[in-house]
file final.tsv (TSV, C-alpha atoms)
chain	number	residue	atom	x	y	z
I	506	MET	CA	3.92	16.48	-11.42
I	507	ASN	CA	1.52	17.87	-8.85
I	508	GLY	CA	1.35	16.48	-5.30
I	509	GLN	CA	-0.93	17.51	-2.47
I	510	GLY	CA	-2.19	16.13	0.80
I	511	LYS	CA	-5.86	15.19	0.86
I	512	LEU	CA	-8.29	12.73	2.40
I	513	LEU	CA	-8.57	9.38	0.63
I	514	THR	CA	-12.36	9.70	0.59
I	515	HIS	CA	-12.06	12.99	-1.32
I	516	PHE	CA	-9.89	11.23	-3.89
I	517	LEU	CA	-12.41	8.37	-4.24
I	518	LYS	CA	-15.38	10.74	-4.40
I	519	ASN	CA	-13.92	12.93	-7.15
I	520	ALA	CA	-12.94	10.04	-9.42
I	521	ASP	CA	-15.46	8.65	-11.90
I	522	LYS	CA	-13.37	5.56	-12.61
I	523	LEU	CA	-10.21	4.21	-10.98
I	524	VAL	CA	-8.56	1.92	-13.52
I	525	ILE	CA	-5.73	-0.42	-12.56
I	526	PRO	CA	-3.72	-0.73	-15.81
I	527	VAL	CA	-2.88	-4.23	-17.04
I	528	TYR	CA	0.85	-3.62	-16.52
I	529	GLN	CA	0.26	-3.51	-12.76
I	530	ARG	CA	0.76	-6.65	-10.68
I	531	ASN	CA	-2.23	-8.52	-9.32
I	532	TYR	CA	-3.71	-7.47	-6.01
I	533	ASP	CA	-1.54	-9.22	-3.44
I	534	TRP	CA	-2.10	-7.75	0.01
I	535	LYS	CA	-2.28	-10.56	2.54
I	536	GLU	CA	-4.57	-10.82	5.55
I	537	GLU	CA	-1.79	-9.49	7.78
I	538	HIS	CA	-1.86	-6.19	5.84
I	539	CYS	CA	-5.64	-5.98	6.24
I	540	LYS	CA	-5.34	-6.69	9.98
I	541	LYS	CA	-2.82	-3.86	10.28
I	542	LEU	CA	-5.14	-1.44	8.43
I	543	TYR	CA	-8.15	-2.46	10.55
I	544	SER	CA	-6.11	-2.12	13.74
I	545	ASP	CA	-4.94	1.36	12.65
I	546	LEU	CA	-8.55	2.42	12.01
I	547	VAL	CA	-9.68	1.20	15.43
I	548	LYS	CA	-6.73	2.97	17.06
I	549	THR	CA	-7.57	6.18	15.16
I	550	ILE	CA	-11.01	6.23	16.83
I	551	ARG	CA	-9.92	5.11	20.29
I	552	ASP	CA	-7.05	7.63	20.39
I	553	ASN	CA	-9.28	10.33	18.91
I	554	LYS	CA	-6.76	11.08	16.15
I	555	ARG	CA	-7.49	13.86	13.69
I	556	TRP	CA	-6.19	11.79	10.77
I	557	HIS	CA	-4.06	8.75	9.87
I	558	PHE	CA	-1.46	8.94	7.07
I	559	PHE	CA	-2.02	6.21	4.46
I	560	GLY	CA	0.82	6.75	1.98
I	561	GLY	CA	0.94	8.16	-1.53
I	562	ILE	CA	-1.21	7.52	-4.59
I	563	VAL	CA	0.19	8.26	-8.04
I	564	SER	CA	-2.27	8.58	-10.91
I	565	VAL	CA	-2.62	9.97	-14.40
I	566	SER	CA	-5.78	10.87	-16.32
I	567	ASP	CA	-6.93	8.03	-18.57
I	568	PRO	CA	-6.37	9.28	-22.15
I	569	MET	CA	-9.24	7.05	-23.31
I	570	GLY	CA	-11.72	8.23	-20.66
I	571	SER	CA	-13.07	11.40	-19.07
I	572	SER	CA	-10.94	13.89	-17.17
I	573	SER	CA	-12.05	12.17	-13.94
I	574	ASP	CA	-11.05	8.68	-15.08
I	575	TYR	CA	-7.69	7.88	-13.49
I	576	LEU	CA	-5.07	5.24	-14.21
I	577	VAL	CA	-3.51	4.23	-10.90
I	578	ILE	CA	0.28	4.12	-11.31
I	579	ASP	CA	0.96	3.44	-7.63
I	580	GLY	CA	-1.35	2.82	-4.69
I	581	GLN	CA	-3.62	0.15	-6.16
I	582	GLN	CA	-3.13	-2.11	-3.12
I	583	ARG	CA	-4.36	0.60	-0.74
I	584	ILE	CA	-7.22	1.78	-2.98
I	585	THR	CA	-8.42	-1.79	-3.57
I	586	THR	CA	-8.22	-2.71	0.12
I	587	VAL	CA	-10.21	0.32	1.27
I	588	SER	CA	-12.77	-0.36	-1.47
I	589	LEU	CA	-13.11	-3.93	-0.14
I	590	LEU	CA	-13.59	-2.59	3.40
I	591	LEU	CA	-16.26	-0.10	2.27
I	592	LEU	CA	-18.02	-2.78	0.20
I	593	ALA	CA	-18.03	-5.12	3.22
I	594	ILE	CA	-19.66	-2.38	5.34
I	595	ALA	CA	-22.25	-1.70	2.64
I	596	ASN	CA	-23.11	-5.37	2.14
I	597	LEU	CA	-23.42	-5.94	5.90
I	598	ILE	CA	-25.83	-3.00	6.19
I	599	LYS	CA	-27.81	-4.24	3.20
I	600	ALA	CA	-28.05	-7.74	4.71
I	601	GLY	CA	-29.17	-6.31	8.07
I	602	LEU	CA	-26.20	-7.83	9.89
I	603	VAL	CA	-25.08	-4.45	11.22
I	604	THR	CA	-27.25	-1.44	11.92
I	605	PRO	CA	-25.65	2.01	11.64
I	606	ASN	CA	-26.85	5.03	13.57
I	607	ASP	CA	-26.85	6.94	10.29
I	608	PRO	CA	-29.72	5.52	8.19
I	609	ASN	CA	-28.12	6.94	5.03
I	610	LEU	CA	-24.73	5.29	5.53
I	611	TYR	CA	-25.31	2.59	2.86
I	612	ASP	CA	-26.17	5.22	0.23
I	613	VAL	CA	-23.26	7.45	1.27
I	614	ILE	CA	-20.75	4.63	0.90
I	615	THR	CA	-22.02	3.20	-2.36
I	616	LYS	CA	-23.02	6.36	-4.21
I	617	LYS	CA	-20.04	8.50	-3.20
I	618	TYR	CA	-17.15	6.06	-3.07
I	619	LEU	CA	-17.94	2.78	-4.81
I	620	VAL	CA	-20.31	3.44	-7.72
I	621	ASP	CA	-20.07	5.84	-10.66
I	622	GLU	CA	-23.69	6.97	-10.99
I	623	ILE	CA	-23.07	9.69	-13.56
I	624	ASN	CA	-21.01	7.80	-16.19
I	625	PRO	CA	-21.50	4.09	-15.50
I	626	LYS	CA	-20.73	3.00	-19.10
I	627	GLN	CA	-20.40	-0.80	-19.04
I	628	ARG	CA	-19.41	-0.91	-15.35
I	629	LYS	CA	-21.20	0.78	-12.49
I	630	MET	CA	-18.27	0.22	-10.10
I	631	LYS	CA	-15.66	2.97	-9.85
I	632	LEU	CA	-12.81	0.55	-9.24
I	633	LYS	CA	-11.66	-1.51	-12.21
I	634	PRO	CA	-8.94	-3.97	-11.12
I	635	ILE	CA	-6.86	-5.86	-13.68
I	636	LYS	CA	-8.65	-8.72	-15.36
I	637	GLY	CA	-8.03	-11.64	-12.99
I	638	ASP	CA	-8.92	-9.51	-9.97
I	639	GLN	CA	-11.80	-7.73	-11.71
I	640	ASP	CA	-13.92	-10.87	-11.95
I	641	ALA	CA	-13.42	-11.64	-8.26
I	642	TYR	CA	-14.27	-8.05	-7.28
I	643	ASP	CA	-17.39	-7.92	-9.46
I	644	ARG	CA	-18.68	-11.16	-7.89
I	645	LEU	CA	-18.63	-9.51	-4.44
I	646	TRP	CA	-21.56	-7.37	-5.59
I	647	GLY	CA	-23.73	-10.44	-6.14
I	648	ASP	CA	-24.62	-13.85	-4.71
I	649	PRO	CA	-22.02	-15.09	-2.15
I	650	SER	CA	-22.30	-18.60	-3.62
I	651	GLU	CA	-20.67	-17.21	-6.78
I	652	TYR	CA	-17.62	-15.73	-5.01
I	653	ASN	CA	-14.14	-16.71	-6.21
I	654	PHE	CA	-12.78	-17.97	-2.89
I	655	SER	CA	-9.29	-18.62	-4.27
I	656	SER	CA	-8.77	-14.89	-4.95
I	657	ARG	CA	-7.00	-12.58	-2.50
I	658	ILE	CA	-9.69	-10.02	-3.35
I	659	THR	CA	-12.37	-12.33	-1.92
I	660	GLN	CA	-10.29	-13.53	1.01
I	661	ASN	CA	-9.54	-10.00	2.22
I	662	TYR	CA	-13.14	-8.89	1.67
I	663	LEU	CA	-14.31	-11.80	3.85
I	664	PHE	CA	-11.76	-10.87	6.52
I	665	PHE	CA	-13.30	-7.39	6.75
I	666	TYR	CA	-16.84	-8.79	6.47
I	667	ASN	CA	-16.27	-11.05	9.50
I	668	GLN	CA	-14.13	-8.59	11.47
I	669	ILE	CA	-16.66	-5.76	11.25
I	670	GLN	CA	-19.34	-7.96	12.83
I	671	ARG	CA	-17.20	-8.26	15.97
I	672	GLU	CA	-17.85	-4.53	16.48
I	673	ASP	CA	-14.53	-3.59	18.07
I	674	ILE	CA	-15.90	-0.17	17.20
I	675	SER	CA	-19.31	0.64	15.76
I	676	VAL	CA	-19.79	0.60	12.00
I	677	ASP	CA	-20.36	4.38	12.07
I	678	GLN	CA	-17.05	4.86	13.90
I	679	LEU	CA	-15.28	2.58	11.44
I	680	PHE	CA	-16.52	4.66	8.52
I	681	THR	CA	-15.46	7.83	10.35
I	682	ALA	CA	-11.97	6.31	10.70
I	683	VAL	CA	-11.87	5.62	6.94
I	684	GLU	CA	-12.76	9.27	6.39
I	685	LYS	CA	-9.65	10.20	8.40
I	686	LEU	CA	-7.23	8.36	6.09
I	687	GLN	CA	-4.94	10.97	4.55
I	688	ILE	CA	-2.88	10.44	1.40
I	689	ILE	CA	-0.43	12.33	-0.77
I	690	ASP	CA	-2.18	12.58	-4.13
I	691	ILE	CA	0.42	12.80	-6.90
I	692	THR	CA	-1.00	13.52	-10.36
I	693	LEU	CA	1.24	13.09	-13.39
I	694	THR	CA	1.01	15.33	-16.44
I	695	PRO	CA	2.32	13.59	-19.60
I	696	PRO	CA	4.46	14.10	-21.57
I	697	ASP	CA	6.44	16.10	-18.97
I	698	ASP	CA	6.13	13.26	-16.44
I	699	ASP	CA	7.07	9.79	-17.69
I	700	PRO	CA	4.80	7.24	-15.90
I	701	GLN	CA	7.27	4.39	-16.57
I	702	LEU	CA	10.20	6.15	-14.91
I	703	VAL	CA	7.98	7.04	-11.94
I	704	PHE	CA	6.72	3.46	-11.71
I	705	GLU	CA	10.24	2.00	-11.79
I	706	SER	CA	11.51	4.30	-9.03
I	707	LEU	CA	8.65	3.76	-6.60
I	708	ASN	CA	9.19	1.74	-3.44
I	709	SER	CA	5.68	1.47	-2.07
I	710	THR	CA	4.61	1.08	1.55
I	711	GLY	CA	3.19	-2.35	0.67
I	712	LEU	CA	5.13	-5.05	-1.20
I	713	ASP	CA	8.20	-4.19	-3.28
I	714	LEU	CA	8.16	-4.78	-7.02
I	715	ASN	CA	9.84	-8.01	-8.08
I	716	GLU	CA	11.79	-8.32	-11.33
I	717	GLY	CA	8.76	-9.81	-13.10
I	718	ASP	CA	6.64	-6.78	-12.10
I	719	LYS	CA	9.23	-4.48	-13.66
I	720	ILE	CA	9.34	-6.54	-16.85
I	721	ARG	CA	5.54	-6.49	-17.18
I	722	ASN	CA	5.70	-2.73	-16.80
I	723	PHE	CA	8.43	-2.49	-19.45
I	724	VAL	CA	6.44	-4.65	-21.87
I	725	LEU	CA	3.07	-2.90	-21.49
I	726	MET	CA	3.31	0.58	-20.06
I	727	ARG	CA	4.38	2.78	-22.96
I	728	ARG	CA	1.75	1.40	-25.31
I	729	SER	CA	-1.71	2.74	-26.03
I	730	MET	CA	-4.52	1.35	-23.88
I	731	GLU	CA	-5.71	-0.75	-26.83
I	732	GLU	CA	-2.23	-2.21	-27.37
I	733	GLN	CA	-1.86	-2.84	-23.64
I	734	GLU	CA	-5.07	-4.90	-23.64
I	735	GLN	CA	-3.96	-6.82	-26.72
I	736	PHE	CA	-0.45	-7.56	-25.45
I	737	TYR	CA	-1.83	-8.55	-22.04
I	738	ASP	CA	-4.45	-10.92	-23.48
I	739	ASP	CA	-2.26	-12.42	-26.23
I	740	TYR	CA	1.05	-12.70	-24.40
I	741	TRP	CA	1.48	-11.58	-20.81
I	742	ASN	CA	-1.57	-13.25	-19.26
I	743	PRO	CA	-0.73	-16.69	-20.78
I	744	ILE	CA	2.89	-16.25	-19.69
I	745	GLU	CA	1.87	-15.46	-16.09
I	746	LYS	CA	-0.69	-18.25	-15.88
I	747	ASN	CA	1.67	-20.87	-17.25
I	748	ALA	CA	4.93	-19.83	-15.64
I	749	GLY	CA	4.23	-17.45	-12.78
I	750	TYR	CA	1.27	-18.67	-10.73
I	751	ASP	CA	1.91	-20.30	-7.35
I	752	LYS	CA	-1.17	-22.13	-6.03
I	753	GLN	CA	0.20	-22.34	-2.50
I	754	THR	CA	0.66	-18.59	-2.12
I	755	ASN	CA	-1.99	-17.55	-4.68
I	756	SER	CA	0.51	-15.12	-6.18
I	757	TYR	CA	2.25	-14.42	-9.48
I	758	ASP	CA	5.97	-14.07	-10.16
I	759	VAL	CA	7.50	-14.83	-13.56
I	760	SER	CA	11.00	-13.79	-12.46
I	761	PRO	CA	12.41	-17.36	-12.10
I	762	PHE	CA	10.94	-18.39	-15.46
I	763	ILE	CA	12.38	-15.38	-17.31
I	764	ARG	CA	15.72	-16.06	-15.66
I	765	ASP	CA	15.62	-19.59	-17.10
I	766	TYR	CA	14.52	-18.30	-20.50
I	767	LEU	CA	17.43	-15.84	-20.57
I	768	GLY	CA	19.70	-18.70	-19.52
I	769	ILE	CA	18.69	-20.59	-22.66
I	770	LYS	CA	19.17	-17.59	-24.92
I	771	GLU	CA	22.28	-16.05	-23.36
I	772	ARG	CA	23.95	-19.29	-22.22
I	773	ARG	CA	24.53	-17.95	-18.73
I	774	LEU	CA	22.54	-17.62	-15.51
I	775	THR	CA	21.63	-14.12	-14.41
I	776	ALA	CA	21.43	-13.06	-10.77
I	777	MET	CA	17.79	-12.68	-9.69
I	778	LYS	CA	18.19	-8.98	-8.93
I	779	GLU	CA	19.53	-8.32	-12.45
I	780	ILE	CA	16.83	-10.09	-14.51
I	781	TYR	CA	14.94	-6.92	-15.41
I	782	GLN	CA	18.01	-5.15	-16.81
I	783	GLU	CA	19.17	-8.31	-18.57
I	784	PHE	CA	15.76	-8.72	-20.20
I	785	LYS	CA	15.75	-5.09	-21.38
I	786	ASP	CA	19.21	-5.57	-22.91
I	787	TYR	CA	18.11	-8.80	-24.60
I	788	VAL	CA	15.00	-7.18	-26.10
I	789	GLU	CA	17.12	-4.30	-27.38
I	790	LYS	CA	19.39	-6.81	-29.16
I	791	ARG	CA	16.42	-8.69	-30.65
I	792	GLY	CA	14.74	-5.48	-31.82
I	793	GLN	CA	11.11	-6.70	-31.94
I	794	ILE	CA	9.58	-7.14	-28.49
I	795	GLU	CA	6.53	-8.92	-29.91
I	796	ASP	CA	8.77	-11.68	-31.28
I	797	VAL	CA	10.30	-12.08	-27.84
I	798	LEU	CA	6.84	-12.26	-26.24
I	799	LYS	CA	5.68	-14.93	-28.69
I	800	GLU	CA	8.73	-17.00	-27.83
I	801	LEU	CA	8.28	-16.36	-24.11
I	802	ARG	CA	4.68	-17.57	-24.35
I	803	ASP	CA	5.80	-20.82	-26.00
I	804	TYR	CA	8.52	-21.40	-23.41
I	805	ALA	CA	6.06	-20.62	-20.61
I	806	LYS	CA	3.89	-23.51	-21.78
I	807	ARG	CA	6.93	-25.80	-21.68
I	808	TYR	CA	7.80	-24.47	-18.23
I	809	ASN	CA	4.28	-25.36	-17.12
I	810	LYS	CA	4.71	-28.91	-18.44
I	811	ILE	CA	7.79	-29.28	-16.24
I	812	ARG	CA	6.18	-27.83	-13.11
I	813	VAL	CA	2.67	-29.26	-13.46
I	814	GLY	CA	2.92	-32.10	-15.97
I	815	ASN	CA	0.08	-33.21	-18.21
I	816	PRO	CA	-2.51	-35.96	-17.66
I	817	ASN	CA	-1.89	-37.14	-21.24
I	818	PHE	CA	1.82	-37.80	-20.62
I	819	PRO	CA	2.97	-41.42	-20.23
I	820	LEU	CA	2.90	-42.59	-16.61
I	821	LYS	CA	6.71	-42.84	-16.35
I	822	LEU	CA	7.14	-39.25	-17.57
I	823	ARG	CA	4.51	-37.92	-15.15
I	824	ALA	CA	6.16	-39.78	-12.26
I	825	SER	CA	9.61	-38.51	-13.24
I	826	LEU	CA	8.46	-34.89	-13.46
I	827	TYR	CA	6.79	-35.24	-10.05
I	828	ARG	CA	10.05	-36.47	-8.52
I	829	LEU	CA	12.09	-33.75	-10.24
I	830	ASN	CA	9.83	-31.12	-8.71
I	831	ARG	CA	10.22	-32.78	-5.30
I	832	PHE	CA	13.98	-32.30	-5.71
I	833	GLU	CA	13.27	-28.55	-5.97
I	834	SER	CA	16.19	-28.27	-8.36
I	835	SER	CA	15.42	-25.47	-10.79
I	836	VAL	CA	18.87	-25.67	-12.41
I	837	CYS	CA	17.67	-28.30	-14.90
I	838	ARG	CA	14.60	-26.37	-16.10
I	839	PRO	CA	16.29	-24.45	-18.95
I	840	PHE	CA	17.61	-27.77	-20.26
I	841	LEU	CA	14.23	-29.50	-19.91
I	842	MET	CA	12.43	-26.64	-21.66
I	843	GLU	CA	14.69	-27.26	-24.66
I	844	VAL	CA	13.96	-30.98	-24.43
I	845	PHE	CA	10.23	-30.28	-24.62
I	846	ARG	CA	10.85	-27.90	-27.54
I	847	LEU	CA	12.52	-30.77	-29.41
I	848	GLN	CA	9.57	-33.01	-28.57
I	849	GLU	CA	7.14	-30.42	-29.97
I	850	GLU	CA	9.25	-30.29	-33.14
I	851	GLU	CA	8.98	-34.12	-33.29
I	852	VAL	CA	12.72	-34.62	-32.93
I	853	LEU	CA	12.00	-36.52	-29.69
I	854	THR	CA	9.02	-38.61	-28.57
I	855	LEU	CA	7.37	-38.35	-25.16
I	856	GLU	CA	9.03	-41.66	-24.31
I	857	ASP	CA	12.41	-40.08	-25.15
I	858	VAL	CA	11.56	-37.13	-22.89
I	859	GLY	CA	10.69	-39.56	-20.10
I	860	GLU	CA	14.07	-41.27	-20.48
I	861	VAL	CA	15.87	-37.89	-20.45
I	862	CYS	CA	14.03	-36.94	-17.24
I	863	ARG	CA	14.98	-40.28	-15.67
I	864	ILE	CA	18.67	-39.64	-16.49
I	865	VAL	CA	18.43	-36.12	-15.02
I	866	GLU	CA	16.89	-37.63	-11.88
I	867	SER	CA	19.76	-40.05	-11.59
I	868	TYR	CA	22.27	-37.23	-12.04
I	869	LEU	CA	20.60	-35.07	-9.37
I	870	LEU	CA	20.45	-37.92	-6.88
I	871	ARG	CA	24.09	-38.90	-7.39
I	872	ARG	CA	25.11	-35.25	-7.14
I	873	LEU	CA	23.23	-34.96	-3.86
I	874	ILE	CA	24.81	-38.11	-2.43
I	875	CYS	CA	28.28	-36.97	-3.47
I	876	ASP	CA	27.62	-33.48	-2.08
I	877	LEU	CA	28.58	-31.76	-5.33
I	878	PRO	CA	27.27	-28.36	-6.51
I	879	SER	CA	24.62	-28.36	-9.24
call {"tool": "encode", "arguments": {"input": "final.tsv", "output": "structure tokens"}}
result
Amino acid sequence: MNGQGKLLTHFLKNADKLVIPVYQRNYDWKEEHCKKLYSDLVKTIRDNKRWHFFGGIVSVSDPMGSSSDYLVIDGQQRITTVSLLLLAIANLIKAGLVTPNDPNLYDVITKKYLVDEINPKQRKMKLKPIKGDQDAYDRLWGDPSEYNFSSRITQNYLFFYNQIQREDISVDQLFTAVEKLQIIDITLTPPDDDPQLVFESLNSTGLDLNEGDKIRNFVLMRRSMEEQEQFYDDYWNPIEKNAGYDKQTNSYDVSPFIRDYLGIKERRLTAMKEIYQEFKDYVEKRGQIEDVLKELRDYAKRYNKIRVGNPNFPLKLRASLYRLNRFESSVCRPFLMEVFRLQEEEVLTLEDVGEVCRIVESYLLRRLICDLPS
């Protein structure tokens, strides 16, 4: 492991590609984090600071790419956010909405820090976020009418795009402030450094890893890049989309779902902070992780039926599921997932499932009135 202090712009300039591996969580910095970064950059200029410390970045050379293609083990939130800021500056200059004193600033930003001009391969952009974020990021290079406005990538880009036009400091000064961001660049050298152990032990400056993040890492990280892509596409992405996506917060967390799944399999409820270790122990007992993932994917679809319903369900079942979700009682979800499994196996009909849900509703309401624990 080799760590050294350097400027973030030097790190970006010297990388051909910055790949966010599929085992990483989605980009999830909120606007408040972007406001803090922007405020720090303005303060760096106004206080005439020599540099501003921006945390650590842990990377390892991509075994499938060139020596300057890096897999980002930690620091993707910071790298992605600064890339969004630089892209916002570049697009504003290109659109003529801001005019820098340096006529070459657009070329400097794009050619040095955002685009790989030497080895573009299929993508010209240096940054390659994970798949859901990658589409949103790629759209920012094109027509604004095609932006994915539900993505945090787009929302934070638009924050910078609008904030820069206020000109708290000039666009040249803002870029100078970005050039003053200093990082600790930690480069891993496999097999001496185990990326998984490093990943598990990190407690980043941004948002802490939840149990689902750790499980995704456990499932994907020690596989070849090809296997990672396959496992992500075939299993983990469907699991996250069905059981981990929250529309209100536009974020992913499969921790509650996996807790319920383990409850079915182990016949006991695990504390939220122990889900990762419990899952590892369960996989070790089962032996084949792919079998577990196939089962998880099936249960995730059932979990989605409980949380979201289905327009093809009978009206009474849809209404009952809606009311059960209003109760916000997750204790019945392991049971209901098994009920839907029996329906899929044609042991129960959808009408039977509707009657079961109605009985559960009645139980929950009576429990609430009697002030009894779930």
call {"tool": "closest_residue", "arguments": {"input": "final.tsv", "among": "I:Val524, I:Ala682, I:Ile689, I:Val613", "to": "Arg628 in chain I", "atoms": "all atoms listed in the file"}}
result
I:Val524
call {"tool": "atom_distance", "arguments": {"input": "final.tsv", "atom1": "CA of Thr692 in chain I", "atom2": "CA of Gly510 in chain I"}}
result
11.5 Å
call {"tool": "atom_distance", "arguments": {"input": "final.tsv", "atom1": "CA of Glu866 in chain I", "atom2": "CA of Lys821 in chain I"}}
result
12.3 Å
call {"tool": "closest_residue", "arguments": {"input": "final.tsv", "among": "I:Ser564, I:Gly768, I:Lys522, I:Lys554", "to": "Asp690 in chain I", "atoms": "all atoms listed in the file"}}
result
I:Ser564
call {"tool": "closest_residue", "arguments": {"input": "final.tsv", "among": "I:Ser656, I:Leu576, I:Phe559, I:Ile669", "to": "Leu590 in chain I", "atoms": "only C-alpha atoms"}}
result
I:Ile669
call {"tool": "residues_near_point", "arguments": {"input": "final.tsv", "point": "(-13.2, 1.5, -0.7)", "cutoff": "9 Å", "atoms": "all atoms listed in the file", "output": "list in words"}}
result
Thr514, Leu517, Arg583, Ile584, Thr585, Thr586, Val587, Ser588, Leu589, Leu590, Leu591, Leu592, Ile614, Tyr618, Leu619, Leu632 and Val683 of chain I
call {"tool": "residues_around", "arguments": {"input": "final.tsv", "residues": "Leu512 in chain I", "least_positions_apart": "5", "cutoff": "7 Å", "atoms": "all atoms listed in the file", "output": "list in words"}}
result
Glu684, Lys685, Leu686, Gln687 and Ile688 of chain I
call {"tool": "atom_distance", "arguments": {"input": "final.tsv", "atom1": "CA of Glu800 in chain I", "atom2": "CA of Gln529 in chain I"}}
result
21.9 Å
call {"tool": "closest_residue", "arguments": {"input": "final.tsv", "among": "I:Asp803, I:Glu771, I:Glu731, I:Asp765", "to": "Pro743 in chain I", "atoms": "all atoms listed in the file"}}
result
I:Asp803
call {"tool": "closest_residue", "arguments": {"input": "final.tsv", "among": "I:Arg791, I:Arg644, I:Lys535, I:Asp677", "to": "Ala595 in chain I", "atoms": "all atoms listed in the file"}}
result
I:Asp677
call {"tool": "residues_near_point", "arguments": {"input": "final.tsv", "point": "(22.6, -19.4, -18.7)", "cutoff": "12 Å", "atoms": "only C-alpha atoms", "output": "PDB file with C-alpha atoms, keeping the file's coordinate frame"}}
result
ATOM      1  CA  ILE I 763      12.380 -15.380 -17.310  1.00  0.00           C
ATOM      2  CA  ARG I 764      15.720 -16.060 -15.660  1.00  0.00           C
ATOM      3  CA  ASP I 765      15.620 -19.590 -17.100  1.00  0.00           C
ATOM      4  CA  TYR I 766      14.520 -18.300 -20.500  1.00  0.00           C
ATOM      5  CA  LEU I 767      17.430 -15.840 -20.570  1.00  0.00           C
ATOM      6  CA  GLY I 768      19.700 -18.700 -19.520  1.00  0.00           C
ATOM      7  CA  ILE I 769      18.690 -20.590 -22.660  1.00  0.00           C
ATOM      8  CA  LYS I 770      19.170 -17.590 -24.920  1.00  0.00           C
ATOM      9  CA  GLU I 771      22.280 -16.050 -23.360  1.00  0.00           C
ATOM     10  CA  ARG I 772      23.950 -19.290 -22.220  1.00  0.00           C
ATOM     11  CA  ARG I 773      24.530 -17.950 -18.730  1.00  0.00           C
ATOM     12  CA  LEU I 774      22.540 -17.620 -15.510  1.00  0.00           C
ATOM     13  CA  THR I 775      21.630 -14.120 -14.410  1.00  0.00           C
ATOM     14  CA  ALA I 776      21.430 -13.060 -10.770  1.00  0.00           C
ATOM     15  CA  ILE I 780      16.830 -10.090 -14.510  1.00  0.00           C
ATOM     16  CA  GLU I 783      19.170  -8.310 -18.570  1.00  0.00           C
ATOM     17  CA  VAL I 836      18.870 -25.670 -12.410  1.00  0.00           C
ATOM     18  CA  CYS I 837      17.670 -28.300 -14.900  1.00  0.00           C
ATOM     19  CA  ARG I 838      14.600 -26.370 -16.100  1.00  0.00           C
ATOM     20  CA  PRO I 839      16.290 -24.450 -18.950  1.00  0.00           C
ATOM     21  CA  PHE I 840      17.610 -27.770 -20.260  1.00  0.00           C
TER      22      PHE I 840
END
call {"tool": "closest_residue", "arguments": {"input": "final.tsv", "among": "I:Phe762, I:Phe665, I:Tyr757, I:Phe680", "to": "Leu610 in chain I", "atoms": "only C-alpha atoms"}}
result
I:Phe680
